[in-house]
Structure formats: C-alpha cells, structure tokens
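Student: This is the structure, below, for whatever I ask next.
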Amino acid sequence: MFLPFFQTLRAAGVPVTLREHLGFLDAVSAGLTTYDIEAFYYLARTCLVKDERHLDRFDQAFSHAFKGLESIPLEAVLEAVDLPEDWLRKQAEKHLSPEEMAEIEAMGGFEKLMETLRERLKEQEGRHQGGNKWIGTAGTSPFGAYGYNPEGVRIGQEKSRHQRAVKVWDKREFRNLDDTVELGTRNIKVALKRLRQWARDGAHEELDLDGTIRATAEHGHLDVKTRPERRNAVKVLLFLDVGGSMDPHIKVVEELFSAARAEFKHLEYYYFHNCLYEGLWRDNRRRWSEQTPTWEVLNTYGPDYRAIFVGDASMSPYEVAYPGGANEHWNEEAGSTWLARARQQWPQNLWINPVPERHWGYTQSIAMIREIFEDRMVPMTLEGLTAGMKGLTK
C-alpha cells in the first residue's frame, strides 16, 4: 500500500532507495507508530530522508500522497470505534487538559463516549449542522467537525480550527534548506559543518562513555574511563571581497561570515577589493591606514589552513592580469601573481562566488579567476557550498 508513496517521493526528487523503503516498511510492521498521523510522518521522514536538503521535498510529497488522511469519513467511523482503548486513553492524556479529562469522565469515560458515538451514527439519517447532540458540523457536539467540544471526535474536517492536530508537513518548515533557494545563516552552517574535522588532544578530559561501558562489562564493576577532550581541528583562512560590485551581496556574505565564525574555532579573516594584491585589512573603516602586507599573511599561516575566497570575481580583466591594473591604487604586481602565491601557500583552496552560476559565462574576469583556481569555484548556494566543503576535505 505504500508503493505509491515511494514513487511520489522519487518523482519529487527525494533520492529514496529500495533499501530505505524496506526499512520503513519494517518499522511500520513493528508497530513503531499506530493511529497517529503525526508520529507516522516523523517515522517516514526519519527512515526515508538522509539529507537535510530534501526535507522540504519530502514534506510536499507526503502532503500529496496522504492528503485528507487526518479526516475520517462518516462511513469509516464504525471501524474507527474499534480503536484500542489504551491508545485512546494515551491520546487523551497527551492532548487534553486535566479539566477536559474531568469533563469526559463525567460522561462516563471513554466507554460511554464510544457507545454514544455508535448510537448516534445509527440514529442519524442526514447531515446536521449546529446544536449539541447530532454528528455534524459546528455546534458543541462531541462528534463532527468545525465545532468545539473538549471530548470531541473529529469527523470529516480537513484541518483543525483549534490547532489540536497541526499538520507539520504542510508547514514546510524546512523549505529554506532546499538547495534551490536563497541561503540563510542556518543552512550555510549545515554546509560548513561538512568541513569540520575533529581531533583529540590537550589536557582537558571528557567522559569516554563507550570505554566506560566496555571496561565496566569486562571488570564487573564501575570503571570510569576518560579521554582527551576533542577539538575542532580545521583551520580556515577567509578572504572577503568588499565594495563596488559586491554591495548587492552584502547580506549573504554577512551570513556566510557569521556562520563561519560560529562553526570554526580556528578562523582568521581578511578583506580585499576585487582581487588579491599586496595589502589586506581587517577593518574596512581603516582599510588605507591599517593594512597588513599580504606577504606577512602568507608567512604567518601555514599550509594546513584552508583558504576560502569569497567574491563576485567581476572586474576589469586588467585588474587580474596586469601590474597597475587595480582601480584604486597602483599595484606593482598583477593580481593573478598574488592569487597564484596564495594557492601555492594554501593548497586546499576555494573561491565562492555569490553571482548565480548561469551568469558566469558573461564576465571575462570570472573565467580568468576560475582558470587560476583550476575550476575550484562554486556558487553561493547550499549545493555549491556542500560541494566546495567536500573538495576542501580531500
């Protein structure tokens, strides 16, 4: 019965495999979720989605495949009343307040509720709206839709009016993780995490849980084991292009910078304009008075750093290729010479371009920078950042 759901996921671009589908069926067969559509949604998502980028596509496919599953048609109610009593009681404890539970007990408990439902289904001949007895819409009857009663059973209502059964898959909270939409700090962090590597050293100790369990089982008594605290071992050197044609990209570059500072313990950064030349700076307000010689930066940070350049690479070709080509000062050496030195010093390097990739072919300087970086240029999308971080780990 879940084969159409599997096909819908594949059609929506969720790369679910047959192995994952069979695992999902095993989980359903094992009874990990019963009579709870929200729990079923989370179970399916856990089993079938292995990449954060596909969460939004999964939500859309789930909504399409199981549309209307929350509503219970009248002809199915007689089957629904055979739901296990213990499940009904657990649902009541989960969704109802103590005051509402007291009102239900005043009616005679769940047995009375289900018995009354059966009787009214048999008595009712037509649609009813309003009132407090018949199964219908509006009103305060415990049975029906679009009304309110603390011990009510919803029948035939497509969505909740009192937010008791929120359809989380229709909220689509993960759409900003899709690699086809604009980046934000949150999903930049998702991509940058792929670069992090961990090492264990230093004086600080942390509990070694696996080692403690293993030693305790071997020795027959509690044997606590510790190990050196792990630290983020990746070192990142970030070069950010500012000013001019980069002004439209300020927001997304700020988000990238914010995410990088949060993700990497060892992060150094410098600013440049258009292309790398003989001077860099930390504070844009003092870019002319407090520059750091690029030679000093090259000699300060070892080759174990990952060098990441962020810029639109959009400039006059002369700024890349010739001495004196810079548009703000006289550069003794060409920008291409400085970029080549940087790539030689930091072999693990990358250029991130906020310009959409489909536009790269229209700018000569972008092609020149791509050639210098041996095609290690990626667009500033989630997919591009993921590919770039993967390349930096090699």
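Following the order of the structure tokens, chains are lettered A, B, ..., residues in each are numbered from 1, and ligands are numbered from 1.
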Neighbouring residues of segment 307-311 of chain A were defined as those with any atom within 6 Å, considering only C-alpha atoms; residues of the same chain fewer than 3 positions away were excluded. Please report them as a ChimeraX atom specification.
Tutor: /A:237-241,349-353
Student: Can I get the residues of segment 282-328 of chain A within 8 Å of segment 260-276 of chain A, each with the closest pair of atoms and their distance in Å to one decimal, using only C-alpha atoms, sorted chain first then ascending number, as CSV?
Tutor:
residue,atom,partner,partner_atom,distance
A:Arg282,CA,A:Tyr270,CA,5.2
A:Asp283,CA,A:Tyr271,CA,7.8
A:Asn284,CA,A:Tyr271,CA,7.5
A:Gly311,CA,A:Asn274,CA,7.2
A:Asp312,CA,A:Asn274,CA,7.9
A:Ala313,CA,A:Asn274,CA,6.5
A:Ser314,CA,A:Asn274,CA,7.2
A:Met315,CA,A:Asn274,CA,6.5
A:Glu319,CA,A:Cys275,CA,7.0
A:Val320,CA,A:Cys275,CA,6.7
Student: Taking 6 positions as the minimum chain separation for residues in the same chain, which residues sit within 10 Å of Thr294 of chain A when counting only C-alpha atoms? Answer as a CSV table (one decimal) with C-alpha atoms, in the first residue's frame.
Tutor:
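The new file part28.csv reads:
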chain,number,residue,atom,x,y,z
A,270,TYR,CA,40.9,39.5,5.9
A,276,LEU,CA,44.2,40.0,-4.1
A,277,TYR,CA,47.1,42.5,-4.1
A,278,GLU,CA,50.0,43.4,-1.8
A,279,GLY,CA,47.8,44.6,1.1
A,280,LEU,CA,44.8,43.2,3.2
A,281,TRP,CA,42.9,44.6,6.1
A,300,THR,CA,52.1,33.7,9.1
A,338,TRP,CA,49.2,37.2,-5.7
A,341,ARG,CA,51.1,32.7,-4.4
A,342,ALA,CA,48.1,32.2,-2.2
Student: Could you please write out, as a PyMOL selection string, every residue of segment 283-382 of chain A that DSSP assigns to helix (DSSP H, G or I)?
Tutor: chain A and resi 284-286+294-300+317-321+335-345+357-362+364-372+382
Student: Using only C-alpha atoms, which residues sit within 12 Å of Pro317 of chain A once same-chain residues fewer than 4 positions away are excluded, as a list of chain:residue names?
Tutor: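 My reading of the contact set: A:Asn274, A:Cys275, A:Ala313, A:Ala321, A:Tyr322, A:Pro323, A:Gly324, A:Gly325, A:Ala326, A:Asn327, A:Ala334, A:Gly335, A:Ser336, A:Thr363, A:Gln364, A:Ser365, A:Ile366, A:Ala367, A:Met368, A:Ile369.
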Student: Which is closest to Arg45 of chain A among A:Val14, A:Ala233, A:Arg19, A:His64, if we use only C-alpha atoms?
Tutor: A:Val14
Student: Just checking: using only C-alpha atoms, which residue out of A:Ile188, A:Ala39, A:Leu3, A:Phe62 ends up closest to Leu256 of chain A?
Tutor: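 Between A:Ile188, A:Ala39, A:Leu3, A:Phe62, the residue approaching Leu256 of chain A most closely is A:Ile188.
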Student: For atom CA of Leu298 of chain A and atom CA of Phe373 of chain A, determine how far apart the two atoms are, in Å to one decimal place.
Tutor: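 For atom CA of Leu298 of chain A relative to atom CA of Phe373 of chain A, the distance reads 17.1 Å.
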Student: Please measure the separation of atom CA of His249 of chain A and atom CA of Pro293 of chain A, giving the value in Å to one decimal.
Tutor: 26.2 Å
Student: For a test of reading the model, state the distance in Å between atom CA of Thr386 of chain A and atom CA of Lys193 of chain A, rounded to one decimal.
Tutor: 9.1 Å
Student: Write out as a list of chain:residue names all residues of segment 226-273 of chain A that DSSP puts in strand (DSSP E or B) for this structure's backbone.
Tutor: A:Thr226, A:Arg227, A:Pro228, A:Glu229, A:Arg230, A:Arg231, A:Asn232, A:Lys235, A:Val236, A:Leu237, A:Leu238, A:Phe239, A:Leu240, A:Asp241, A:His266, A:Leu267, A:Glu268, A:Tyr269, A:Tyr270, A:Tyr271, A:Phe272, A:His273
